[in-house]
file query03.cif (mmCIF, C-alpha atoms)
data_structure
#
loop_
_atom_site.label_atom_id
_atom_site.label_comp_id
_atom_site.auth_asym_id
_atom_site.auth_seq_id
_atom_site.Cartn_x
_atom_site.Cartn_y
_atom_site.Cartn_z
CA MET A 28 -5.60 14.50 -24.55
CA ILE A 29 -8.01 14.53 -21.59
CA SER A 30 -7.79 17.45 -19.18
CA PHE A 31 -8.81 17.43 -15.53
CA VAL A 32 -10.25 19.98 -13.13
CA CYS A 33 -8.09 19.96 -9.99
CA THR A 34 -8.74 21.43 -6.55
CA ALA A 35 -6.44 22.37 -3.66
CA ASN A 36 -6.97 24.20 -0.38
CA PRO A 37 -7.39 27.98 -0.84
CA GLY A 38 -4.04 29.58 -1.57
CA PHE A 39 -2.24 26.30 -2.20
CA ALA A 40 -3.04 25.58 -5.85
CA PRO A 41 0.38 26.93 -6.97
CA TYR A 42 2.07 24.27 -4.83
CA ALA A 43 -0.26 21.55 -6.11
CA MET A 44 0.53 22.65 -9.67
CA GLU A 45 4.26 22.57 -8.98
CA GLU A 46 4.00 19.09 -7.46
CA LEU A 47 2.27 17.81 -10.59
CA ARG A 48 4.80 19.47 -12.89
CA ARG A 49 7.56 17.64 -11.03
CA ARG A 50 5.75 14.30 -11.06
CA PHE A 51 4.58 14.53 -14.68
CA PRO A 52 7.12 16.53 -16.72
CA GLY A 53 5.67 18.08 -19.86
CA SER A 54 2.10 18.26 -18.51
CA LYS A 55 0.19 21.47 -19.22
CA VAL A 56 -1.15 23.26 -16.14
CA SER A 57 -3.24 26.45 -16.02
CA GLY A 58 -5.20 28.24 -13.31
CA LEU A 59 -8.97 28.63 -12.92
CA ALA A 60 -10.14 30.07 -9.58
CA PRO A 61 -7.02 31.81 -8.20
CA GLY A 62 -5.22 29.73 -5.61
CA GLU A 63 -7.75 26.89 -5.50
CA THR A 64 -8.74 25.25 -8.81
CA PHE A 65 -6.75 24.64 -11.98
CA LEU A 66 -6.59 22.51 -15.11
CA ILE A 67 -4.05 19.86 -16.02
CA ALA A 68 -3.52 17.91 -19.22
CA PHE A 69 -1.10 15.09 -18.43
CA ALA A 70 1.76 14.56 -20.86
CA GLU A 71 1.17 10.82 -20.35
CA GLN A 72 -0.92 9.67 -23.32
CA ASP A 73 -2.85 7.17 -21.19
CA PRO A 74 -4.51 9.18 -18.40
CA GLU A 75 -5.30 5.98 -16.51
CA ARG A 76 -1.59 5.48 -15.95
CA ALA A 77 -1.33 8.99 -14.51
CA LEU A 78 -4.31 8.35 -12.24
CA LYS A 79 -2.82 5.06 -11.09
CA GLU A 80 0.38 6.90 -10.17
CA LEU A 81 -1.63 9.52 -8.24
CA ARG A 82 -3.47 6.80 -6.33
CA ARG A 83 -0.20 5.02 -5.58
CA LYS A 84 1.30 8.13 -4.03
CA GLU A 85 -1.12 10.98 -3.47
CA PRO A 86 0.32 14.47 -3.90
CA VAL A 87 0.49 16.58 -0.76
CA PHE A 88 -1.55 19.52 -2.01
CA LEU A 89 -3.88 18.09 -4.67
CA ARG A 90 -7.18 17.47 -2.94
CA HIS A 91 -9.46 16.38 -5.78
CA LEU A 92 -9.68 16.04 -9.55
CA PHE A 93 -12.10 14.87 -12.23
CA PRO A 94 -11.82 14.35 -16.01
CA ILE A 95 -13.31 16.86 -18.43
CA GLU A 96 -15.45 14.90 -20.85
CA ALA A 97 -17.59 17.81 -22.07
CA GLU A 98 -17.42 21.57 -21.78
CA CYS A 99 -19.35 24.57 -22.95
CA GLU A 100 -19.57 28.29 -22.36
CA ALA A 101 -20.82 29.25 -18.91
CA THR A 102 -24.01 31.26 -19.12
CA ASN A 103 -26.58 32.70 -16.73
CA ASP A 104 -29.42 31.27 -18.85
CA PRO A 105 -31.00 28.54 -16.67
CA ASN A 106 -32.76 26.80 -19.56
CA ALA A 107 -29.68 26.60 -21.77
CA THR A 108 -27.49 25.51 -18.86
CA ALA A 109 -29.95 22.83 -17.76
CA GLU A 110 -30.23 21.54 -21.33
CA ARG A 111 -26.45 21.12 -21.60
CA MET A 112 -26.10 19.38 -18.24
CA ILE A 113 -28.99 17.03 -18.95
CA ALA A 114 -27.56 16.20 -22.37
CA PHE A 115 -24.25 15.24 -20.79
CA ALA A 116 -25.87 13.16 -18.04
CA SER A 117 -28.02 11.39 -20.62
CA SER A 118 -24.90 10.37 -22.56
CA LEU A 119 -23.64 8.28 -19.61
CA GLY A 120 -26.13 5.43 -19.95
CA GLU A 121 -23.71 2.54 -20.44
CA ARG A 122 -21.64 3.53 -17.42
CA LEU A 123 -24.35 4.48 -14.95
CA ARG A 124 -27.06 1.93 -15.72
CA GLY A 125 -27.72 -0.34 -12.72
CA GLY A 126 -25.24 1.44 -10.48
CA ARG A 127 -25.15 4.17 -7.86
CA ALA A 128 -24.20 7.67 -9.00
CA ALA A 129 -23.35 10.75 -6.95
CA ILE A 130 -23.91 14.16 -8.54
CA GLN A 131 -21.49 16.88 -7.50
CA VAL A 132 -22.01 20.45 -8.70
CA ARG A 133 -19.62 23.27 -7.81
CA LYS A 134 -19.11 26.78 -9.09
CA GLU A 135 -16.48 29.46 -8.88
CA GLN A 136 -17.52 32.50 -6.86
CA ASN A 137 -17.97 34.82 -9.86
CA SER A 138 -19.34 32.27 -12.28
CA PRO A 139 -22.56 33.18 -14.14
CA PHE A 140 -23.82 29.62 -13.47
CA PRO A 141 -27.50 30.18 -12.58
CA PHE A 142 -27.99 27.36 -10.03
CA SER A 143 -26.87 26.56 -6.53
CA SER A 144 -25.13 23.22 -5.99
CA ALA A 145 -28.36 21.64 -4.76
CA GLU A 146 -30.37 23.09 -7.65
CA GLY A 147 -27.82 21.80 -10.14
CA ARG A 148 -28.09 18.30 -8.68
CA ASP A 149 -31.88 18.47 -8.93
CA VAL A 150 -31.62 19.41 -12.61
CA ILE A 151 -29.49 16.37 -13.45
CA ALA A 152 -31.01 13.77 -11.11
CA PRO A 153 -34.03 12.82 -13.30
CA ALA A 154 -31.74 12.16 -16.26
CA VAL A 155 -29.55 9.90 -14.12
CA THR A 156 -32.45 7.93 -12.66
CA GLY A 157 -33.93 7.72 -16.15
CA LEU A 158 -30.85 5.75 -17.17
CA GLY A 159 -31.61 3.15 -14.52
CA ALA A 160 -29.11 4.43 -11.96
CA GLU A 161 -29.70 5.24 -8.32
CA VAL A 162 -28.71 8.73 -7.18
CA ALA A 163 -26.70 8.41 -3.96
CA ALA A 164 -24.85 10.97 -1.88
CA ARG A 165 -22.27 8.48 -0.51
CA ASP A 166 -20.81 5.08 -1.42
CA SER A 167 -21.45 5.54 -5.12
CA ASP A 168 -20.05 3.60 -8.07
CA TRP A 169 -19.69 6.74 -10.18
CA ILE A 170 -19.48 10.49 -9.62
CA VAL A 171 -20.98 12.90 -12.14
CA SER A 172 -19.03 16.15 -11.70
CA ILE A 173 -19.97 19.64 -12.83
CA TYR A 174 -17.70 22.64 -12.29
CA ALA A 175 -18.65 26.15 -13.43
CA SER A 176 -15.81 28.63 -13.83
CA LYS A 177 -16.17 32.25 -14.89
CA LYS A 178 -16.09 31.26 -18.56
CA LYS A 179 -16.66 27.52 -18.89
CA LEU A 180 -18.88 24.72 -17.69
CA TYR A 181 -16.83 21.53 -17.25
CA MET A 182 -18.48 18.11 -16.98
CA GLY A 183 -17.12 14.65 -16.32
CA CYS A 184 -17.87 11.21 -14.91
CA SER A 185 -15.40 9.02 -13.02
CA ARG A 186 -14.90 6.42 -10.34
CA PRO A 187 -14.61 7.87 -6.81
CA ARG A 188 -11.08 6.47 -6.38
CA ASP A 189 -9.97 8.37 -9.49
CA ASN A 190 -11.11 11.64 -7.92
CA LEU A 191 -8.84 11.02 -4.89
CA SER A 192 -11.88 11.90 -2.75
CA ASP A 193 -15.58 11.11 -2.99
CA TRP A 194 -16.45 14.48 -1.44
CA PRO A 195 -17.23 17.42 -3.76
CA GLY A 196 -13.90 19.07 -4.44
CA GLY A 197 -12.40 16.95 -1.67
CA ALA A 198 -14.12 19.13 0.93
CA VAL A 199 -14.67 16.60 3.72
CA ARG A 200 -17.56 17.73 5.90
CA PHE A 201 -18.31 16.36 9.35
CA ARG A 202 -21.56 16.91 11.14
CA LYS A 203 -21.24 19.68 13.68
CA ASP A 204 -21.44 18.37 17.21
CA ASP A 205 -22.00 20.68 20.18
CA SER A 206 -19.94 18.30 22.31
CA LEU A 207 -16.79 18.96 20.27
CA ILE A 208 -14.20 20.71 22.39
CA SER A 209 -12.56 22.37 19.38
CA ARG A 210 -12.76 22.30 15.59
CA ALA A 211 -9.21 20.92 15.63
CA ALA A 212 -10.87 17.56 16.27
CA PHE A 213 -11.98 17.55 12.62
CA LYS A 214 -8.33 17.36 11.55
CA LEU A 215 -7.84 14.12 13.45
CA LEU A 216 -11.13 12.68 12.21
CA GLU A 217 -10.20 13.51 8.63
CA ALA A 218 -6.70 12.08 9.03
CA GLU A 219 -8.22 8.83 10.31
CA ARG A 220 -10.28 8.61 7.12
CA ALA A 221 -7.68 9.92 4.66
CA PHE A 222 -4.96 7.55 5.88
CA ASP A 223 -7.34 4.62 6.44
CA LEU A 224 -6.05 4.43 10.01
CA PRO A 225 -8.85 3.46 12.43
CA LEU A 226 -7.95 5.04 15.75
CA ASP A 227 -9.65 2.32 17.77
CA ARG A 228 -6.94 -0.16 16.72
CA PHE A 229 -4.57 1.60 19.13
CA SER A 230 -4.56 1.34 22.92
CA ASN A 231 -2.17 3.89 24.46
CA ALA A 232 -1.75 7.36 22.98
CA LEU A 233 0.51 10.32 23.71
CA ASP A 234 -1.01 13.69 22.81
CA LEU A 235 1.56 16.51 22.69
CA GLY A 236 0.29 20.06 23.09
CA ALA A 237 -3.08 18.59 23.95
CA ALA A 238 -5.01 21.48 25.55
CA PRO A 239 -7.88 22.16 25.45
CA GLY A 240 -8.35 18.55 24.38
CA GLY A 241 -9.87 18.39 20.90
CA TRP A 242 -7.72 15.45 19.78
CA THR A 243 -7.66 13.87 23.23
CA SER A 244 -11.46 13.77 23.31
CA VAL A 245 -11.58 11.88 20.00
CA LEU A 246 -9.06 9.33 21.24
CA LEU A 247 -10.93 8.82 24.51
CA GLU A 248 -14.16 8.29 22.58
CA ARG A 249 -12.38 5.57 20.59
CA GLY A 250 -11.53 3.80 23.86
CA LEU A 251 -7.82 4.67 24.11
CA LYS A 252 -5.86 5.52 27.21
CA VAL A 253 -4.38 8.98 26.66
CA THR A 254 -1.44 10.79 28.19
CA ALA A 255 -2.02 14.47 27.39
CA VAL A 256 0.95 16.81 27.71
CA ASP A 257 0.29 20.55 27.96
CA PRO A 258 0.87 23.16 30.69
CA ALA A 259 -2.58 24.61 30.01
CA GLU A 260 -5.83 23.25 31.43
CA MET A 261 -7.87 20.62 29.64
CA ASP A 262 -11.55 21.13 28.97
CA ALA A 263 -13.72 20.55 32.02
CA SER A 264 -15.61 17.77 30.24
CA LEU A 265 -12.43 15.65 30.23
CA VAL A 266 -11.41 16.15 33.84
CA GLY A 267 -11.86 12.97 35.85
CA ASN A 268 -11.86 10.62 32.86
CA SER A 269 -10.24 7.42 34.13
CA ASN A 270 -8.44 6.87 30.80
CA LEU A 271 -6.83 10.33 30.82
CA ARG A 272 -3.54 11.30 32.40
CA HIS A 273 -2.76 15.02 32.09
CA ILE A 274 0.86 16.11 32.53
CA ARG A 275 0.99 19.91 32.93
CA ARG A 276 4.41 20.45 31.41
CA ASN A 277 5.86 21.50 28.07
CA ALA A 278 6.29 18.69 25.57
CA ALA A 279 10.05 19.37 25.47
CA ASP A 280 10.34 18.60 29.18
CA VAL A 281 8.87 15.11 29.45
CA SER A 282 10.18 11.59 28.94
CA PHE A 283 8.63 8.11 29.14
CA ALA A 284 9.71 4.51 29.34
CA PRO A 285 10.57 2.81 26.02
CA GLY A 286 7.62 1.34 24.13
CA THR A 287 4.98 3.03 26.30
CA PHE A 288 2.75 4.23 23.45
CA ASP A 289 1.50 2.77 20.18
CA LEU A 290 0.17 6.13 18.96
CA LEU A 291 1.60 9.64 19.14
CA VAL A 292 -0.41 12.67 18.01
CA CYS A 293 0.75 16.25 17.90
CA ASP A 294 -1.09 19.40 16.80
CA MET A 295 1.16 22.02 18.38
CA SER A 296 1.30 25.50 16.85
CA TRP A 297 5.07 25.58 16.96
CA ASP A 298 7.87 25.91 14.45
CA PRO A 299 7.73 22.57 12.55
CA TYR A 300 11.47 21.97 12.96
CA HIS A 301 11.14 22.42 16.73
CA THR A 302 8.18 20.04 16.73
CA CYS A 303 10.27 17.52 14.79
CA ARG A 304 13.04 17.66 17.39
CA ILE A 305 10.58 17.09 20.24
CA VAL A 306 8.84 14.18 18.50
CA SER A 307 12.20 12.64 17.61
CA GLU A 308 13.35 12.86 21.23
CA LEU A 309 10.19 11.08 22.32
CA ALA A 310 10.37 8.44 19.58
CA PRO A 311 11.87 5.80 21.94
CA SER A 312 8.68 5.95 23.99
CA MET A 313 6.81 4.55 20.98
CA ALA A 314 6.53 0.83 20.32
CA ALA A 315 8.06 -0.45 17.08
CA GLY A 316 5.45 -0.04 14.35
CA GLY A 317 3.54 2.55 16.37
CA SER A 318 1.98 5.40 14.40
CA GLY A 319 2.39 9.15 14.67
CA LEU A 320 -0.01 11.80 13.32
CA ILE A 321 1.69 15.17 13.37
CA THR A 322 0.66 18.60 12.11
CA LEU A 323 3.45 20.45 10.31
CA LYS A 324 2.97 24.22 10.30
CA LEU A 325 3.99 25.81 6.98
CA MET A 326 5.32 29.09 8.30
CA TYR A 327 8.15 29.50 5.79
CA ARG A 328 8.08 30.82 2.23
CA LYS A 329 8.85 27.53 0.48
CA PRO A 330 6.39 24.88 1.71
CA LEU A 331 7.64 22.17 -0.64
CA GLN A 332 11.19 22.64 0.60
CA THR A 333 9.99 22.63 4.22
CA ILE A 334 8.18 19.34 3.62
CA ASP A 335 11.23 17.82 1.92
CA ASP A 336 13.46 18.87 4.82
CA LEU A 337 11.10 17.57 7.49
CA THR A 338 10.38 14.23 5.81
CA GLU A 339 14.13 13.69 5.68
CA GLU A 340 14.45 14.49 9.38
CA TYR A 341 11.47 12.37 10.44
CA GLY A 342 12.74 9.61 8.16
CA ARG A 343 15.74 9.04 10.42
CA LEU A 344 13.54 7.41 13.06
CA PHE A 345 10.25 6.80 11.27
CA ASP A 346 8.89 5.32 8.07
CA ILE A 347 7.06 8.12 6.26
CA ARG A 348 3.68 6.74 5.22
CA GLN A 349 1.96 9.84 3.86
CA VAL A 350 2.03 13.63 3.91
CA LYS A 351 -1.23 15.35 3.03
CA GLN A 352 -2.82 18.73 3.29
CA LEU A 353 -6.25 17.77 4.58
CA PHE A 354 -9.33 19.88 3.93
CA HIS A 355 -9.31 20.87 7.62
CA ASN A 356 -5.66 21.88 7.51
CA ARG A 357 -5.04 25.56 6.94
CA GLU A 358 -1.43 26.82 6.76
CA GLU A 359 -0.21 23.31 7.51
CA VAL A 360 -0.10 19.67 6.44
CA THR A 361 -0.50 16.40 8.33
CA ILE A 362 2.13 13.66 8.28
CA TRP A 363 1.56 10.01 9.16
CA VAL A 364 4.67 8.14 10.28
CA LYS A 365 5.41 4.70 11.74
CA ARG A 366 8.15 3.99 14.26
CA LYS A 367 11.00 1.96 12.78
#

call {"tool": "encode", "arguments": {"input": "query03.cif", "output": "C-alpha cells"}}
result
Amino acid sequence: MISFVCTANPGFAPYAMEELRRRFPGSKVSGLAPGETFLIAFAEQDPERALKELRRKEPVFLRHLFPIEAECEATNDPNATAERMIAFASSLGERLRGGRAAIQVRKEQNSPFPFSSAEGRDVIAPAVTGLGAEVAARDSDWIVSIYASKKKLYMGCSRPRDNLSDWPGGAVRFRKDDSLISRAAFKLLEAERAFDLPLDRFSNALDLGAAPGGWTSVLLERGLKVTAVDPAEMDASLVGNSNLRHIRRNAADVSFAPGTFDLLVCDMSWDPYHTCRIVSELAPSMAAGGSGLITLKLMYRKPLQTIDDLTEEYGRLFDIRQVKQLFHNREEVTIWVKRK
C-alpha cells in the first residue's frame, strides 16, 4: 500500500485529514508537522483511482500530496543524506529520461536534514541530468519530491497533476510587485490559476468591499470595467481610471439592473453568512452563467460545517464550481460559483 505526504495550510491539516477520511473510508491518516503535513495510506488498493477521484473533485483543504516511493531515517550527516537522495534519483531513469523534471525539497522546521531546499536540489540535480532529463523549475513532466520530517526522509516521483499543484507543497508564490495595492491581490491571482478562470474573458465586474482596491486593480489590469463598492477610499493610483466606477456605500445598500455584470468578486471581512445574503441579493445583477469569486471567512469552530451550510445557501442561486483554501487564504476559503 503506497502512502502519500500531504500538505495543508498551517493549522488546517486536521480538516484536510477529516475530509479525506470522509471521502476514502478506511484510509489510514497520521500527522507529521503539526497542523500542516500528514501521511495518508488510501484504503483503495489502486492509488491511481484515488488520485483520479482527487483530481475530479479537489478537497477544500488538501493543498498538495506526493507518493512515498522510498524512505529512510532523517540524519544530520550531509554525506549519508546526499548518498540516499542520489540513489533514489538515480533509480528513476526509465521515467525521467528525455523529459523535464522539477526537484522539490522541503523540510519540517525541526528536522535534522542538513541542507536548505536549494542545496538539496543541487545535490540531486546532477543525478537527474545524468539520466538524460532536463531539470526545470516550471512546466515539468515529472516532479521529484523530497520531504524531511523530524524522523524520516520521504522521497517520491510523480506527475504534476497527481500532486494537485506543481508548486512545492502547493505554496504558490507570485513575484512581489511594488505596484501592488495590497497582498490581497495574490488571492485573486491564485484563484484565477487554481480555477483555470482567466479574468480577461470577462468584461464587467462588480467588486464588493473593494477598498483599498487590491482586487479592483487586478481586474482593471486585465481590461475589465469595474464597479467598486465600498464606503472607504480607493487607492490614489486608481482614482481617475476611466474603467472604474466607485460607489461609496455599503454593499448591503446597493442594487443594479438585471444582467449588468458577468463577474462578481467579494473579499469582505464579514461574517460569511452575512456575505452570502448580500451576494444572493445582488445575484440578479449578474448575467446567466456569470462567475463569482467570493472569500468565505471561517470564523466559527466547525469549518467543514460552515462550508456545507454556505454551499447549500449559495447553491440556491448559483452552481457551485469549486471551494478551495488557496495558499494565500488564511482563516478563510475561496468559492467559485456560476449564476444559474

call {"tool": "closest_residue", "arguments": {"input": "query03.cif", "among": "A:Leu320, A:Leu59, A:Ala114, A:Leu235", "to": "Leu216 (chain A)", "atoms": "all atoms listed in the file"}}
result
A:Leu320

call {"tool": "residues_around", "arguments": {"input": "query03.cif", "residues": "region 282-294 of chain A", "least_positions_apart": "5", "cutoff": "10 Å", "atoms": "all atoms listed in the file", "output": "PDB file with C-alpha atoms, keeping the file's coordinate frame"}}
result
ATOM      1  CA  ALA A 211      -9.210  20.920  15.630  1.00  0.00           C
ATOM      2  CA  ALA A 212     -10.870  17.560  16.270  1.00  0.00           C
ATOM      3  CA  LYS A 214      -8.330  17.360  11.550  1.00  0.00           C
ATOM      4  CA  LEU A 215      -7.840  14.120  13.450  1.00  0.00           C
ATOM      5  CA  LEU A 226      -7.950   5.040  15.750  1.00  0.00           C
ATOM      6  CA  ARG A 228      -6.940  -0.160  16.720  1.00  0.00           C
ATOM      7  CA  PHE A 229      -4.570   1.600  19.130  1.00  0.00           C
ATOM      8  CA  SER A 230      -4.560   1.340  22.920  1.00  0.00           C
ATOM      9  CA  ASN A 231      -2.170   3.890  24.460  1.00  0.00           C
ATOM     10  CA  ALA A 232      -1.750   7.360  22.980  1.00  0.00           C
ATOM     11  CA  LEU A 233       0.510  10.320  23.710  1.00  0.00           C
ATOM     12  CA  ASP A 234      -1.010  13.690  22.810  1.00  0.00           C
ATOM     13  CA  LEU A 235       1.560  16.510  22.690  1.00  0.00           C
ATOM     14  CA  GLY A 236       0.290  20.060  23.090  1.00  0.00           C
ATOM     15  CA  ALA A 237      -3.080  18.590  23.950  1.00  0.00           C
ATOM     16  CA  ALA A 238      -5.010  21.480  25.550  1.00  0.00           C
ATOM     17  CA  GLY A 241      -9.870  18.390  20.900  1.00  0.00           C
ATOM     18  CA  TRP A 242      -7.720  15.450  19.780  1.00  0.00           C
ATOM     19  CA  THR A 243      -7.660  13.870  23.230  1.00  0.00           C
ATOM     20  CA  LEU A 246      -9.060   9.330  21.240  1.00  0.00           C
ATOM     21  CA  LEU A 251      -7.820   4.670  24.110  1.00  0.00           C
ATOM     22  CA  LYS A 252      -5.860   5.520  27.210  1.00  0.00           C
ATOM     23  CA  VAL A 253      -4.380   8.980  26.660  1.00  0.00           C
ATOM     24  CA  THR A 254      -1.440  10.790  28.190  1.00  0.00           C
ATOM     25  CA  ALA A 255      -2.020  14.470  27.390  1.00  0.00           C
ATOM     26  CA  VAL A 256       0.950  16.810  27.710  1.00  0.00           C
ATOM     27  CA  THR A 302       8.180  20.040  16.730  1.00  0.00           C
ATOM     28  CA  VAL A 306       8.840  14.180  18.500  1.00  0.00           C
ATOM     29  CA  GLU A 308      13.350  12.860  21.230  1.00  0.00           C
ATOM     30  CA  LEU A 309      10.190  11.080  22.320  1.00  0.00           C
ATOM     31  CA  ALA A 310      10.370   8.440  19.580  1.00  0.00           C
ATOM     32  CA  PRO A 311      11.870   5.800  21.940  1.00  0.00           C
ATOM     33  CA  SER A 312       8.680   5.950  23.990  1.00  0.00           C
ATOM     34  CA  MET A 313       6.810   4.550  20.980  1.00  0.00           C
ATOM     35  CA  ALA A 314       6.530   0.830  20.320  1.00  0.00           C
ATOM     36  CA  ALA A 315       8.060  -0.450  17.080  1.00  0.00           C
ATOM     37  CA  GLY A 316       5.450  -0.040  14.350  1.00  0.00           C
ATOM     38  CA  GLY A 317       3.540   2.550  16.370  1.00  0.00           C
ATOM     39  CA  SER A 318       1.980   5.400  14.400  1.00  0.00           C
ATOM     40  CA  GLY A 319       2.390   9.150  14.670  1.00  0.00           C
ATOM     41  CA  LEU A 320      -0.010  11.800  13.320  1.00  0.00           C
ATOM     42  CA  ILE A 321       1.690  15.170  13.370  1.00  0.00           C
ATOM     43  CA  THR A 322       0.660  18.600  12.110  1.00  0.00           C
ATOM     44  CA  LEU A 323       3.450  20.450  10.310  1.00  0.00           C
ATOM     45  CA  LYS A 324       2.970  24.220  10.300  1.00  0.00           C
ATOM     46  CA  THR A 361      -0.500  16.400   8.330  1.00  0.00           C
ATOM     47  CA  TRP A 363       1.560  10.010   9.160  1.00  0.00           C
ATOM     48  CA  VAL A 364       4.670   8.140  10.280  1.00  0.00           C
ATOM     49  CA  LYS A 365       5.410   4.700  11.740  1.00  0.00           C
ATOM     50  CA  ARG A 366       8.150   3.990  14.260  1.00  0.00           C
TER      51      ARG A 366
END

call {"tool": "residues_around", "arguments": {"input": "query03.cif", "residues": "Val150 (chain A)", "least_positions_apart": "2", "cutoff": "8 Å", "atoms": "all atoms listed in the file", "output": "PyMOL selection string"}}
result
chain A and resi 109+112-113+146-148+152-153

call {"tool": "resolve_selection", "arguments": {"input": "query03.cif", "expression": "the PyMOL selection byres ((chain A and resi 45) around 12)", "output": "PyMOL selection string"}}
result
chain A and resi 35+39-44+46-58+65+67+86-89+329-332

call {"tool": "resolve_selection", "arguments": {"input": "query03.cif", "expression": "the PyMOL selection byres ((chain A and resi 125) around 10)", "output": "ChimeraX atom specification"}}
result
/A:120-124,126-128,156,158-161,168

call {"tool": "resolve_selection", "arguments": {"input": "query03.cif", "expression": "the PyMOL selection byres ((chain A and resi 36) around 9)", "output": "mmCIF file with C-alpha atoms, keeping the file's coordinate frame"}}
result
data_model
loop_
_atom_site.group_PDB
_atom_site.id
_atom_site.type_symbol
_atom_site.label_atom_id
_atom_site.label_comp_id
_atom_site.auth_asym_id
_atom_site.auth_seq_id
_atom_site.Cartn_x
_atom_site.Cartn_y
_atom_site.Cartn_z
ATOM 1 C CA THR A 34 -8.740 21.430 -6.550
ATOM 2 C CA ALA A 35 -6.440 22.370 -3.660
ATOM 3 C CA PRO A 37 -7.390 27.980 -0.840
ATOM 4 C CA GLY A 38 -4.040 29.580 -1.570
ATOM 5 C CA PHE A 39 -2.240 26.300 -2.200
ATOM 6 C CA ALA A 40 -3.040 25.580 -5.850
ATOM 7 C CA GLY A 62 -5.220 29.730 -5.610
ATOM 8 C CA GLU A 63 -7.750 26.890 -5.500
ATOM 9 C CA THR A 64 -8.740 25.250 -8.810
ATOM 10 C CA PHE A 88 -1.550 19.520 -2.010
ATOM 11 C CA LEU A 89 -3.880 18.090 -4.670
ATOM 12 C CA ARG A 90 -7.180 17.470 -2.940
ATOM 13 C CA ALA A 198 -14.120 19.130 0.930
ATOM 14 C CA GLN A 352 -2.820 18.730 3.290
ATOM 15 C CA LEU A 353 -6.250 17.770 4.580
ATOM 16 C CA PHE A 354 -9.330 19.880 3.930
ATOM 17 C CA HIS A 355 -9.310 20.870 7.620
ATOM 18 C CA ASN A 356 -5.660 21.880 7.510
ATOM 19 C CA ARG A 357 -5.040 25.560 6.940
#

call {"tool": "closest_residue", "arguments": {"input": "query03.cif", "among": "A:Ala116, A:Tyr341, A:Arg348, A:Arg249", "to": "Asp223 (chain A)", "atoms": "all atoms listed in the file"}}
result
A:Arg348

call {"tool": "closest_residue", "arguments": {"input": "query03.cif", "among": "A:Leu92, A:Ala259, A:Pro74, A:Asn137", "to": "Pro61 (chain A)", "atoms": "all atoms listed in the file"}}
result
A:Asn137

call {"tool": "closest_residue", "arguments": {"input": "query03.cif", "among": "A:Lys179, A:Arg272, A:Lys84, A:Arg111", "to": "Ala60 (chain A)", "atoms": "only C-alpha atoms"}}
result
A:Lys179

call {"tool": "residues_around", "arguments": {"input": "query03.cif", "residues": "Pro139 (chain A)", "least_positions_apart": "3", "cutoff": "12 Å", "atoms": "all atoms listed in the file", "output": "short mmCIF file (atom, residue, chain, number, x, y, z; two decimals) with C-alpha atoms, in the frame of the given file"}}
result
data_model
loop_
_atom_site.label_atom_id
_atom_site.label_comp_id
_atom_site.auth_asym_id
_atom_site.auth_seq_id
_atom_site.Cartn_x
_atom_site.Cartn_y
_atom_site.Cartn_z
CA GLU A 100 -19.57 28.29 -22.36
CA ALA A 101 -20.82 29.25 -18.91
CA THR A 102 -24.01 31.26 -19.12
CA ASN A 103 -26.58 32.70 -16.73
CA ASP A 104 -29.42 31.27 -18.85
CA PRO A 105 -31.00 28.54 -16.67
CA THR A 108 -27.49 25.51 -18.86
CA LYS A 134 -19.11 26.78 -9.09
CA GLU A 135 -16.48 29.46 -8.88
CA GLN A 136 -17.52 32.50 -6.86
CA PHE A 142 -27.99 27.36 -10.03
CA SER A 143 -26.87 26.56 -6.53
CA TYR A 174 -17.70 22.64 -12.29
CA ALA A 175 -18.65 26.15 -13.43
CA SER A 176 -15.81 28.63 -13.83
CA LYS A 177 -16.17 32.25 -14.89
CA LYS A 178 -16.09 31.26 -18.56
CA LYS A 179 -16.66 27.52 -18.89
CA LEU A 180 -18.88 24.72 -17.69
#

call {"tool": "closest_residue", "arguments": {"input": "query03.cif", "among": "A:Ser185, A:Asn270, A:Ser296, A:Ser244", "to": "Glu75 (chain A)", "atoms": "all atoms listed in the file"}}
result
A:Ser185

call {"tool": "closest_residue", "arguments": {"input": "query03.cif", "among": "A:Glu96, A:Glu80, A:Asp257, A:Glu71", "to": "Val32 (chain A)", "atoms": "only C-alpha atoms"}}
result
A:Glu96

call {"tool": "atom_distance", "arguments": {"input": "query03.cif", "atom1": "CA of Val245 (chain A)", "atom2": "CA of Phe222 (chain A)"}}
result
16.2 Å

call {"tool": "decode", "arguments": {"input": "query03.cif", "residues": "region 307-312 of chain A", "atoms": "N, CA, C and O atoms", "output": "PDB file, in the first residue's frame"}}
result
ATOM      1  N   SER A 307     -26.309  37.035  -2.535  1.00  0.00           N
ATOM      2  CA  SER A 307     -27.555  36.459  -3.052  1.00  0.00           C
ATOM      3  C   SER A 307     -28.529  37.552  -3.485  1.00  0.00           C
ATOM      4  O   SER A 307     -29.213  37.423  -4.505  1.00  0.00           O
ATOM      5  N   GLU A 308     -28.592  38.641  -2.714  1.00  0.00           N
ATOM      6  CA  GLU A 308     -29.480  39.747  -3.068  1.00  0.00           C
ATOM      7  C   GLU A 308     -29.040  40.433  -4.355  1.00  0.00           C
ATOM      8  O   GLU A 308     -29.864  40.965  -5.105  1.00  0.00           O
ATOM      9  N   LEU A 309     -27.739  40.387  -4.607  1.00  0.00           N
ATOM     10  CA  LEU A 309     -27.212  41.027  -5.816  1.00  0.00           C
ATOM     11  C   LEU A 309     -27.103  40.059  -6.997  1.00  0.00           C
ATOM     12  O   LEU A 309     -26.710  40.466  -8.091  1.00  0.00           O
ATOM     13  N   ALA A 310     -27.454  38.810  -6.781  1.00  0.00           N
ATOM     14  CA  ALA A 310     -27.356  37.813  -7.854  1.00  0.00           C
ATOM     15  C   ALA A 310     -28.101  38.213  -9.116  1.00  0.00           C
ATOM     16  O   ALA A 310     -27.613  37.965 -10.229  1.00  0.00           O
ATOM     17  N   PRO A 311     -29.297  38.831  -9.029  1.00  0.00           N
ATOM     18  CA  PRO A 311     -29.990  39.212 -10.272  1.00  0.00           C
ATOM     19  C   PRO A 311     -29.212  40.186 -11.147  1.00  0.00           C
ATOM     20  O   PRO A 311     -29.467  40.276 -12.355  1.00  0.00           O
ATOM     21  N   SER A 312     -28.258  40.897 -10.551  1.00  0.00           N
ATOM     22  CA  SER A 312     -27.466  41.833 -11.353  1.00  0.00           C
ATOM     23  C   SER A 312     -26.406  41.126 -12.184  1.00  0.00           C
ATOM     24  O   SER A 312     -25.724  41.757 -12.997  1.00  0.00           O
TER      25      SER A 312
END
